[in-house]
file data29.cif (mmCIF, C-alpha atoms and all ligand atoms)
data_final
loop_
_atom_site.label_atom_id
_atom_site.label_comp_id
_atom_site.auth_asym_id
_atom_site.auth_seq_id
_atom_site.Cartn_x
_atom_site.Cartn_y
_atom_site.Cartn_z
CA MET A 1 20.57 -26.66 -107.75
CA ILE A 2 17.23 -24.88 -107.75
CA ASP A 3 17.33 -21.74 -105.64
CA LEU A 4 13.99 -20.86 -104.09
CA GLY A 5 15.14 -18.82 -101.12
CA SER A 6 14.36 -20.43 -97.77
CA ALA A 7 12.67 -23.45 -99.38
CA THR A 8 14.74 -26.62 -99.04
CA GLY A 9 12.57 -29.32 -100.60
CA LEU A 10 9.13 -30.89 -100.75
CA THR A 11 7.54 -33.08 -98.07
CA CYS A 12 4.54 -35.39 -98.33
CA ARG A 13 1.75 -34.20 -96.05
CA GLU A 14 0.61 -37.79 -95.48
CA CYS A 15 3.74 -39.95 -95.12
CA SER A 16 6.48 -37.30 -94.69
CA ALA A 17 8.56 -38.64 -97.59
CA THR A 18 10.92 -35.91 -98.80
CA TYR A 19 11.81 -34.77 -102.32
CA ASP A 20 14.11 -32.24 -103.95
CA LEU A 21 12.62 -28.97 -105.14
CA GLY A 22 11.02 -29.51 -108.54
CA ALA A 23 7.80 -29.46 -110.52
CA ALA A 24 6.05 -32.10 -108.43
CA TYR A 25 2.84 -32.13 -106.43
CA ALA A 26 2.05 -35.73 -105.45
CA CYS A 27 4.04 -38.19 -103.36
CA MET A 28 5.46 -41.12 -105.31
CA GLU A 29 5.02 -43.40 -102.29
CA CYS A 30 1.43 -42.67 -101.27
CA PHE A 31 0.05 -40.06 -103.76
CA GLY A 32 -0.40 -37.61 -100.87
CA PRO A 33 -0.02 -33.88 -101.63
CA LEU A 34 3.45 -32.36 -101.36
CA GLU A 35 4.19 -29.28 -99.31
CA VAL A 36 7.20 -26.94 -99.34
CA ALA A 37 9.78 -27.51 -96.56
CA TYR A 38 11.91 -24.59 -95.35
CA ASP A 39 14.91 -23.60 -93.39
CA PHE A 40 13.79 -20.12 -92.31
CA PRO A 41 16.48 -17.53 -91.51
CA ALA A 42 16.38 -15.64 -88.21
CA LEU A 43 14.00 -12.78 -88.93
CA THR A 44 12.80 -9.75 -86.95
CA ARG A 45 9.66 -7.67 -87.30
CA ALA A 46 11.88 -4.77 -88.34
CA ASP A 47 13.38 -6.83 -91.21
CA ILE A 48 9.90 -7.43 -92.58
CA GLU A 49 8.68 -3.88 -91.93
CA ALA A 50 11.62 -2.54 -93.96
CA GLY A 51 10.50 -4.53 -97.00
CA PRO A 52 8.33 -3.40 -99.93
CA THR A 53 4.61 -2.74 -99.39
CA SER A 54 3.62 -5.89 -101.23
CA LEU A 55 3.76 -9.61 -100.49
CA TRP A 56 7.47 -9.53 -101.31
CA ARG A 57 8.09 -8.23 -97.78
CA TYR A 58 7.57 -11.89 -96.73
CA LYS A 59 9.88 -13.36 -99.37
CA ASP A 60 11.99 -15.12 -96.72
CA LEU A 61 8.87 -17.04 -95.64
CA LEU A 62 7.89 -18.05 -99.20
CA PRO A 63 9.37 -20.43 -101.83
CA VAL A 64 10.71 -17.59 -103.98
CA ARG A 65 13.90 -15.87 -104.90
CA PRO A 66 12.50 -12.66 -106.31
CA THR A 67 14.43 -11.29 -109.23
CA ALA A 68 14.04 -7.91 -110.84
CA ALA A 69 11.47 -9.63 -113.05
CA ASP A 70 9.32 -10.68 -110.10
CA GLU A 71 9.50 -7.65 -107.83
CA PRO A 72 7.27 -5.39 -109.92
CA ASN A 73 5.08 -8.35 -110.86
CA LEU A 74 1.98 -6.20 -110.55
CA ALA A 75 3.06 -6.20 -106.88
CA PRO A 76 0.15 -7.98 -105.20
CA GLY A 77 -0.47 -7.93 -101.48
CA TRP A 78 -0.40 -5.41 -98.64
CA THR A 79 -4.10 -4.83 -99.23
CA ARG A 80 -6.08 -2.85 -96.69
CA LEU A 81 -7.34 -4.26 -93.42
CA HIS A 82 -10.53 -2.27 -93.08
CA LYS A 83 -12.23 -1.74 -89.71
CA ALA A 84 -15.86 -2.52 -90.43
CA ASP A 85 -17.61 -0.61 -87.63
CA ASN A 86 -20.88 -0.12 -89.51
CA LEU A 87 -21.21 -3.79 -90.39
CA ALA A 88 -20.19 -4.72 -86.83
CA ALA A 89 -22.95 -2.50 -85.44
CA GLU A 90 -25.48 -3.99 -87.84
CA LEU A 91 -24.52 -7.52 -86.75
CA GLY A 92 -24.13 -6.74 -83.04
CA MET A 93 -20.40 -7.43 -83.01
CA ARG A 94 -17.74 -5.65 -81.01
CA THR A 95 -14.73 -5.60 -83.39
CA LEU A 96 -14.84 -6.65 -87.02
CA TRP A 97 -12.28 -6.22 -89.77
CA VAL A 98 -12.45 -6.90 -93.51
CA LYS A 99 -9.20 -7.98 -95.13
CA ASP A 100 -10.00 -6.62 -98.59
CA ASP A 101 -8.13 -8.42 -101.34
CA SER A 102 -10.24 -6.83 -104.07
CA GLY A 103 -7.43 -4.24 -104.04
CA ASN A 104 -4.98 -6.59 -105.72
CA PRO A 105 -3.83 -5.90 -109.31
CA THR A 106 -6.46 -8.14 -110.93
CA HIS A 107 -8.89 -7.66 -108.06
CA SER A 108 -8.75 -10.98 -106.25
CA PHE A 109 -6.49 -12.79 -103.80
CA LYS A 110 -5.32 -15.03 -106.67
CA ASP A 111 -2.65 -12.45 -107.57
CA ARG A 112 -0.79 -13.58 -104.43
CA VAL A 113 -0.62 -17.26 -105.34
CA VAL A 114 0.23 -16.46 -108.95
CA ALA A 115 3.12 -14.16 -108.00
CA VAL A 116 4.71 -16.91 -105.93
CA ALA A 117 4.00 -19.60 -108.55
CA GLN A 118 5.45 -17.41 -111.29
CA SER A 119 8.64 -16.88 -109.34
CA ALA A 120 8.89 -20.63 -108.67
CA ALA A 121 8.13 -21.46 -112.32
CA ARG A 122 11.04 -19.26 -113.42
CA ALA A 123 13.40 -20.97 -110.99
CA LEU A 124 12.18 -24.37 -112.23
CA GLY A 125 12.75 -23.42 -115.87
CA LEU A 126 9.06 -23.54 -116.80
CA THR A 127 8.44 -20.82 -119.37
CA THR A 128 4.68 -20.98 -120.00
CA LEU A 129 2.32 -20.07 -117.17
CA ALA A 130 -0.84 -22.19 -117.09
CA CYS A 131 -3.78 -22.88 -114.80
CA ALA A 132 -7.12 -24.60 -114.28
CA SER A 133 -9.39 -21.85 -113.03
CA THR A 134 -12.80 -20.98 -111.59
CA GLY A 135 -12.28 -17.45 -112.96
CA ASN A 136 -10.12 -15.26 -110.79
CA LEU A 137 -7.04 -17.43 -111.25
CA ALA A 138 -7.50 -17.16 -115.02
CA HIS A 139 -7.50 -13.39 -114.76
CA ALA A 140 -4.42 -13.35 -112.50
CA VAL A 141 -2.38 -15.83 -114.57
CA ALA A 142 -3.08 -14.13 -117.90
CA ALA A 143 -2.14 -10.73 -116.46
CA ALA A 144 1.04 -11.94 -114.76
CA ALA A 145 2.18 -13.78 -117.90
CA ALA A 146 1.50 -10.70 -120.04
CA ARG A 147 3.50 -8.55 -117.66
CA GLY A 148 6.31 -11.11 -117.50
CA GLY A 149 6.50 -11.50 -121.28
CA GLN A 150 5.52 -15.17 -120.99
CA ASP A 151 3.08 -17.38 -122.87
CA SER A 152 0.00 -18.43 -120.92
CA VAL A 153 -2.55 -21.23 -121.19
CA VAL A 154 -5.68 -20.77 -119.13
CA VAL A 155 -8.32 -23.50 -118.89
CA ILE A 156 -11.79 -22.65 -117.54
CA PRO A 157 -15.33 -24.02 -117.44
CA HIS A 158 -17.26 -22.51 -120.41
CA ASP A 159 -19.98 -20.87 -118.28
CA LEU A 160 -17.97 -18.38 -116.18
CA GLU A 161 -18.95 -14.76 -115.62
CA ALA A 162 -18.20 -12.27 -118.42
CA GLY A 163 -16.24 -10.19 -115.90
CA LYS A 164 -13.74 -13.01 -115.66
CA THR A 165 -13.57 -14.35 -119.22
CA ILE A 166 -13.50 -11.00 -121.06
CA THR A 167 -10.75 -9.64 -118.81
CA THR A 168 -8.71 -12.81 -119.18
CA ALA A 169 -9.04 -12.93 -122.95
CA THR A 170 -7.96 -9.30 -123.27
CA TYR A 171 -4.51 -10.01 -121.80
CA GLY A 172 -3.77 -12.38 -124.67
CA GLY A 173 -2.51 -15.93 -124.33
CA ILE A 174 -4.48 -19.10 -124.93
CA LEU A 175 -7.86 -19.29 -123.20
CA LEU A 176 -9.57 -22.68 -123.38
CA ALA A 177 -13.24 -22.84 -122.38
CA VAL A 178 -14.18 -26.43 -121.59
CA GLU A 179 -17.69 -27.80 -121.83
CA GLY A 180 -17.81 -29.09 -118.29
CA ASN A 181 -17.42 -27.87 -114.71
CA TYR A 182 -14.24 -26.97 -112.82
CA ASP A 183 -13.66 -30.55 -111.72
CA ASP A 184 -13.69 -31.62 -115.39
CA VAL A 185 -11.24 -28.81 -116.16
CA ASN A 186 -8.95 -29.87 -113.33
CA ARG A 187 -8.98 -33.48 -114.49
CA LEU A 188 -8.17 -32.41 -118.04
CA CYS A 189 -5.22 -30.34 -116.82
CA SER A 190 -3.84 -33.31 -114.85
CA GLU A 191 -3.86 -35.22 -118.16
CA ILE A 192 -2.29 -32.35 -120.09
CA ILE A 193 0.80 -32.23 -117.84
CA GLY A 194 1.79 -35.73 -119.00
CA GLU A 195 1.81 -34.74 -122.69
CA ASP A 196 4.85 -33.86 -124.80
CA PHE A 197 3.50 -30.42 -125.80
CA SER A 198 3.27 -29.22 -122.19
CA GLN A 199 6.75 -29.97 -120.85
CA SER A 200 7.61 -26.28 -120.43
CA TRP A 201 4.28 -25.41 -118.78
CA GLY A 202 3.98 -24.50 -115.13
CA PHE A 203 0.34 -25.19 -114.23
CA VAL A 204 0.31 -22.98 -111.16
CA ASN A 205 -2.33 -25.01 -109.31
CA VAL A 206 -1.46 -28.44 -110.69
CA ASN A 207 2.19 -29.40 -111.24
CA ILE A 208 3.61 -26.50 -109.20
CA ARG A 209 0.73 -26.36 -106.72
CA PRO A 210 2.94 -26.67 -103.58
CA TYR A 211 4.60 -23.31 -104.38
CA TYR A 212 1.38 -21.64 -105.53
CA ALA A 213 -0.44 -22.64 -102.35
CA GLU A 214 2.23 -21.04 -100.15
CA GLY A 215 1.37 -17.66 -101.67
CA SER A 216 -1.89 -17.67 -99.69
CA LYS A 217 0.13 -17.45 -96.47
CA SER A 218 0.87 -13.82 -97.30
CA MET A 219 -2.74 -12.93 -96.55
CA GLY A 220 -2.32 -14.40 -93.06
CA PHE A 221 1.04 -12.69 -92.54
CA GLU A 222 -0.49 -9.33 -93.48
CA ILE A 223 -3.48 -9.69 -91.17
CA ALA A 224 -1.16 -10.39 -88.23
CA GLU A 225 1.24 -7.56 -89.08
CA GLN A 226 -1.58 -5.06 -89.76
CA LEU A 227 -3.14 -5.88 -86.37
CA GLY A 228 0.18 -4.93 -84.75
CA TRP A 229 1.80 -8.38 -84.87
CA ARG A 230 -0.93 -10.50 -83.34
CA THR A 231 -3.75 -12.76 -84.48
CA PRO A 232 -7.50 -12.06 -84.21
CA ALA A 233 -9.63 -14.36 -82.06
CA GLN A 234 -11.73 -15.48 -85.04
CA VAL A 235 -11.36 -15.52 -88.82
CA VAL A 236 -13.90 -16.43 -91.52
CA ALA A 237 -12.44 -17.60 -94.85
CA PRO A 238 -14.13 -18.70 -98.08
CA VAL A 239 -13.50 -22.30 -99.11
CA ALA A 240 -13.07 -23.49 -102.71
CA SER A 241 -10.25 -26.05 -102.76
CA GLY A 242 -9.69 -25.28 -99.05
CA SER A 243 -6.13 -24.12 -99.61
CA LEU A 244 -6.50 -20.48 -98.54
CA LEU A 245 -8.14 -21.45 -95.25
CA THR A 246 -5.36 -23.88 -94.36
CA LYS A 247 -2.64 -21.39 -95.29
CA ILE A 248 -4.03 -18.62 -93.06
CA ASP A 249 -3.56 -21.03 -90.17
CA LYS A 250 -0.12 -22.09 -91.41
CA ALA A 251 0.97 -18.46 -91.69
CA TRP A 252 0.03 -17.73 -88.09
CA ARG A 253 1.70 -20.89 -86.79
CA GLU A 254 4.90 -20.01 -88.66
CA LEU A 255 4.94 -16.45 -87.29
CA ALA A 256 4.52 -17.82 -83.77
CA ALA A 257 7.25 -20.45 -84.28
CA LEU A 258 9.61 -17.71 -85.50
CA GLY A 259 8.81 -15.56 -82.46
CA LEU A 260 7.34 -12.80 -84.64
CA ILE A 261 3.99 -12.98 -82.85
CA GLU A 262 3.01 -14.38 -79.49
CA GLU A 263 1.29 -17.71 -79.67
CA SER A 264 -2.40 -17.23 -78.88
CA GLU A 265 -5.58 -19.12 -79.61
CA TYR A 266 -7.76 -18.36 -82.58
CA ARG A 267 -10.68 -20.08 -84.24
CA VAL A 268 -10.85 -20.60 -88.00
CA PHE A 269 -14.26 -20.70 -89.72
CA GLY A 270 -14.98 -21.74 -93.31
CA ALA A 271 -17.66 -20.39 -95.66
CA GLN A 272 -19.27 -22.15 -98.63
CA ALA A 273 -22.35 -21.76 -100.81
CA THR A 274 -25.02 -24.43 -100.28
CA GLY A 275 -24.90 -25.24 -104.00
CA CYS A 276 -21.29 -26.37 -103.59
CA SER A 277 -20.64 -27.20 -99.96
CA PRO A 278 -18.79 -30.53 -99.80
CA VAL A 279 -16.53 -29.36 -96.96
CA ALA A 280 -19.39 -27.94 -94.89
CA GLN A 281 -21.29 -31.21 -95.41
CA ALA A 282 -18.29 -33.25 -94.25
CA PHE A 283 -17.94 -30.98 -91.22
CA ASP A 284 -21.59 -31.44 -90.28
CA ALA A 285 -21.44 -35.19 -90.77
CA GLY A 286 -18.24 -35.54 -88.76
CA TRP A 287 -16.34 -37.06 -91.70
CA ASP A 288 -12.56 -36.85 -92.20
CA VAL A 289 -12.95 -37.16 -95.96
CA VAL A 290 -14.91 -34.97 -98.33
CA LYS A 291 -17.53 -36.50 -100.58
CA PRO A 292 -17.44 -34.78 -104.02
CA VAL A 293 -20.54 -32.89 -105.18
CA LYS A 294 -21.74 -31.43 -108.48
CA PRO A 295 -21.63 -27.62 -108.07
CA SER A 296 -24.62 -25.40 -108.78
CA THR A 297 -24.27 -21.90 -107.30
CA ILE A 298 -23.80 -18.27 -108.31
CA ALA A 299 -20.57 -18.32 -106.28
CA LYS A 300 -18.60 -19.69 -109.22
CA SER A 301 -15.20 -18.74 -107.84
CA LEU A 302 -15.85 -21.23 -105.01
CA ALA A 303 -17.46 -23.92 -107.17
CA ILE A 304 -15.04 -26.80 -106.67
CA GLY A 305 -16.99 -30.00 -106.11
CA ASN A 306 -13.94 -32.13 -105.29
CA PRO A 307 -11.71 -29.88 -103.16
CA ALA A 308 -8.08 -31.01 -102.96
CA ASP A 309 -7.46 -29.48 -99.54
CA GLY A 310 -10.89 -30.23 -98.08
CA PRO A 311 -9.64 -32.74 -95.49
CA TYR A 312 -6.89 -30.36 -94.35
CA ALA A 313 -9.39 -27.50 -94.04
CA LEU A 314 -11.51 -29.79 -91.84
CA ASP A 315 -8.43 -30.51 -89.70
CA VAL A 316 -7.69 -26.80 -89.18
CA VAL A 317 -11.27 -25.90 -88.35
CA ARG A 318 -11.68 -28.79 -85.91
CA ARG A 319 -8.29 -28.23 -84.24
CA THR A 320 -8.99 -24.53 -83.65
CA GLY A 321 -12.59 -24.96 -82.49
CA GLY A 322 -14.19 -23.28 -85.53
CA SER A 323 -16.75 -24.64 -87.97
CA ILE A 324 -17.69 -24.61 -91.66
CA ALA A 325 -21.13 -23.46 -92.75
CA ALA A 326 -22.95 -22.96 -96.04
CA VAL A 327 -25.41 -20.31 -97.18
CA SER A 328 -27.99 -20.12 -100.00
CA ASP A 329 -27.49 -18.09 -103.17
CA ASP A 330 -30.16 -15.63 -101.98
CA ASP A 331 -28.17 -15.13 -98.78
CA VAL A 332 -25.01 -14.60 -100.88
CA VAL A 333 -26.70 -11.75 -102.73
CA ASP A 334 -27.92 -10.30 -99.40
CA GLY A 335 -24.35 -10.58 -98.10
CA ILE A 336 -22.95 -8.64 -101.07
CA ARG A 337 -25.55 -5.90 -100.61
CA LEU A 338 -25.06 -5.73 -96.84
CA LEU A 339 -21.30 -5.23 -97.14
CA ALA A 340 -21.77 -2.64 -99.87
CA ARG A 341 -24.44 -0.74 -97.96
CA THR A 342 -22.59 -0.69 -94.64
CA GLU A 343 -18.93 -0.40 -95.64
CA GLY A 344 -18.82 0.78 -99.24
CA ILE A 345 -17.06 -2.41 -100.28
CA PHE A 346 -18.46 -4.11 -103.38
CA ALA A 347 -17.52 -7.78 -103.10
CA GLU A 348 -17.89 -10.54 -105.61
CA THR A 349 -20.01 -13.58 -104.80
CA ALA A 350 -17.23 -15.15 -102.67
CA GLY A 351 -17.31 -12.09 -100.40
CA GLY A 352 -21.08 -12.42 -100.25
CA VAL A 353 -20.64 -16.04 -99.14
CA VAL A 354 -18.33 -14.92 -96.33
CA VAL A 355 -20.56 -12.08 -95.06
CA ALA A 356 -23.66 -14.30 -95.20
CA THR A 357 -21.81 -17.08 -93.40
CA LEU A 358 -20.64 -14.64 -90.73
CA ARG A 359 -24.27 -13.68 -90.12
CA HIS A 360 -25.31 -17.34 -90.10
CA LEU A 361 -22.59 -18.31 -87.60
CA LEU A 362 -23.58 -15.44 -85.29
CA LYS A 363 -27.21 -16.55 -85.40
CA GLU A 364 -26.20 -20.13 -84.64
CA GLY A 365 -24.09 -18.96 -81.70
CA ALA A 366 -21.03 -20.62 -83.25
CA LEU A 367 -19.14 -17.33 -83.53
CA ASP A 368 -18.62 -15.01 -80.55
CA PRO A 369 -19.84 -11.45 -81.30
CA GLU A 370 -17.63 -10.08 -78.50
CA ALA A 371 -14.39 -11.58 -79.87
CA GLU A 372 -12.31 -9.71 -82.46
CA THR A 373 -13.07 -11.12 -85.92
CA VAL A 374 -11.48 -10.80 -89.37
CA ILE A 375 -13.42 -11.77 -92.49
CA LEU A 376 -11.79 -12.19 -95.89
CA ASN A 377 -13.10 -10.43 -98.98
CA THR A 378 -11.23 -12.26 -101.72
CA GLY A 379 -12.66 -10.64 -104.85
CA GLU A 380 -14.22 -7.64 -106.57
CA GLY A 381 -17.94 -7.20 -107.23
CA LEU A 382 -17.45 -5.71 -110.70
CA LYS A 383 -16.54 -9.20 -111.88
CA THR A 384 -19.88 -10.70 -110.84
CA LEU A 385 -22.40 -7.97 -111.66
CA ASP A 386 -25.01 -10.54 -112.69
CA ALA A 387 -25.43 -11.56 -109.06
CA VAL A 388 -26.91 -8.23 -108.02
CA MET A 389 -28.26 -6.93 -111.34
CA GLU A 390 -31.87 -7.62 -110.42
CA PHE A 391 -31.68 -5.41 -107.30
CA ALA A 392 -29.30 -2.75 -108.50
CA THR A 393 -31.38 -0.45 -110.66
CA PRO A 394 -31.79 3.34 -110.55
CA THR A 395 -34.19 4.64 -107.89
CA ALA A 396 -36.04 6.38 -110.72
CA THR A 397 -35.43 7.31 -114.35
CA ILE A 398 -36.66 10.86 -114.91
CA LYS A 399 -36.65 13.82 -117.30
CA PRO A 400 -34.17 16.55 -116.28
CA ASP A 401 -36.75 18.40 -114.21
CA VAL A 402 -36.20 19.53 -110.61
CA ASP A 403 -39.82 18.89 -109.66
CA LEU A 404 -39.40 15.26 -110.60
CA VAL A 405 -36.34 15.08 -108.31
CA ARG A 406 -38.41 16.58 -105.51
CA ALA A 407 -41.09 13.95 -106.08
CA VAL A 408 -38.56 11.15 -105.73
CA VAL A 409 -36.64 12.38 -102.69
CA THR A 410 -39.48 13.78 -100.56
C1 LIG B 501 -9.94 -19.14 -105.49
C2 LIG B 501 -10.78 -18.28 -104.64
C3 LIG B 501 -11.03 -18.57 -103.28
C4 LIG B 501 -10.63 -19.82 -102.51
O1 LIG B 501 -9.56 -20.48 -102.85
P1 LIG B 501 -9.08 -21.90 -102.29
O2 LIG B 501 -7.71 -21.62 -101.82
O3 LIG B 501 -9.10 -22.80 -103.48
O4 LIG B 501 -10.01 -22.38 -101.22
C5 LIG B 501 -11.75 -17.66 -102.55
N1 LIG B 501 -12.24 -16.53 -103.09
C6 LIG B 501 -12.04 -16.23 -104.39
C7 LIG B 501 -12.64 -14.97 -104.91
C8 LIG B 501 -11.30 -17.08 -105.19
O5 LIG B 501 -11.12 -16.74 -106.48
ZN ZN B 502 3.52 -39.77 -99.16
#

call {"tool": "encode", "arguments": {"input": "data29.cif", "output": "structure tokens", "more": "lines below"}}
Ligand SMILES: *Cc1c(COP(=O)(O)O)cnc(C)c1O
Ligand SMILES: [Zn+2]
result
Amino acid sequence: MIDLGSATGLTCRECSATYDLGAAYACMECFGPLEVAYDFPALTRADIEAGPTSLWRYKDLLPVRPTAADEPNLAPGWTRLHKADNLAAELGMRTLWVKDDSGNPTHSFKDRVVAVAQSAARALGLTTLACASTGNLAHAVAAAAARGGQDSVVVIPHDLEAGKTITTATYGGILLAVEGNYDDVNRLCSEIIGEDFSQSWGFVNVNIRPYYAEGSKSMGFEIAEQLGWRTPAQVVAPVASGSLLTKIDKAWRELAALGLIEESEYRVFGAQATGCSPVAQAFDAGWDVVKPVKPSTIAKSLAIGNPADGPYALDVVRRTGGSIAAVSDDDVVDGIRLLARTEGIFAETAGGVVVATLRHLLKEGALDPEAETVILNTGEGLKTLDAVMEFATPTATIKPDVDLVRAVVT
């Protein structure tokens, strides 16, 4: 028997077929994606509040059975919820928060999903940690495997930012750069899992994706707890595969079902870059399915042209009365600079996508400036310096002479 805490099995999201816990991700009846099923214990706010200041405080709501090996797993989570009064004033909003996941151990929200996947991989007897990545996942997997004394295999598109490839390579493990885009990488990894040499590999976002995806719920749990056990009226999330967006909603529905928060209405908004906006396009066109695109954007962490959870992200956004919008690369850069200038938070391109989309949605009238809003910053700007390089130069380069300083500042 596999022991993954409150998790009891896997269920097909499309046809509801059920399966035992295992390294599986697609339904054998209909090929639909599998999702973790639970039998949650009775839980109080105090039980959770007494837990560690990391995502492990929600272990009873995740498919994990943390061992001593997992607990200090670079302890992701419990990142700051920052009240962004300066940015709110700039945008004419009443109450705005930034959930800042750049504070995670490898500086993106991917540490959350990796921690949960790593715990699940151990329980499933998978010894090598692997992934198909747009950059941040590579960094998180390589670090977690290093810390856990495990082998890692990380597969990425060859043209990622230096801030993601150099960091990843430094942790050790195998790093495969593929001449192709993320969708090519993902397809390759689906083929790899059938091979004899990969039978001990847990591809966190492929063959153990159901467990991995649940890790994103912890971001939603934290937002609710940090607001004093309630949900905001509006949230803006970046969309790559669409998983994070759907799990924020799932987290809040689970907390309400468990009586840990009061059920109240909220609207979920999605943010993409125009150069890779298949979910925003489907939203605009009123489609239930997402038509794949070929990505071309500086927001490489979000550059998934064929997003696995796209249709489910559309469901969440439509059910809650939100929307999904896309912004240009120039707007992404402006978004990064605006957040840095107003709040002292240096976001990577994904954060720029979210801030620019927030501004766009306000302009459109889609988002209510009077309603309390949380935006997600999912990554750190030091990893994507190229995006702002052109604008971020010294005010002046001078000889060490006080008169020259006076000339610049007066
Ligand atoms: C992976 C990633 C996302 C989005 O993830 P999905 O769950 O695939 O939509 C958002 N921001 C950053 C920085 C990421 O690395
Ligand atoms: Zn099915």

call {"tool": "axis_aligned_box", "arguments": {"input": "data29.cif", "around": "range 287-305 of chain A", "padding_each_side": "4 Å", "output": "JSON"}}
result
{"center_x": -18.6, "center_y": -27.7, "center_z": -100.5, "size_x": 20.1, "size_y": 26.9, "size_z": 25.5}

call {"tool": "atom_distance", "arguments": {"input": "data29.cif", "atom1": "atom N1 of ligand LIG 501 (chain B)", "atom2": "CA of Glu14 in chain A"}}
result
26.0 Å

call {"tool": "closest_residue", "arguments": {"input": "data29.cif", "among": "A:Met219, A:Ala169, A:Ile193, A:Leu339", "to": "Gly77 in chain A", "atoms": "only C-alpha atoms"}}
result
A:Met219

call {"tool": "residues_near_ligand", "arguments": {"input": "data29.cif", "ligand": "ligand LIG 501 (chain B)", "cutoff": "8 Å", "atoms": "only C-alpha atoms and all ligand atoms", "output": "ChimeraX atom specification"}}
result
/A:108-110,134-137,213,216,237-245,301-302,304,307,309,348-351,377-380

call {"tool": "residues_near_ligand", "arguments": {"input": "data29.cif", "ligand": "ligand ZN 502 (chain B)", "cutoff": "6 Å", "atoms": "only C-alpha atoms and all ligand atoms", "output": "PyMOL selection string"}}
result
chain A and resi 12+14-17+27+29-32
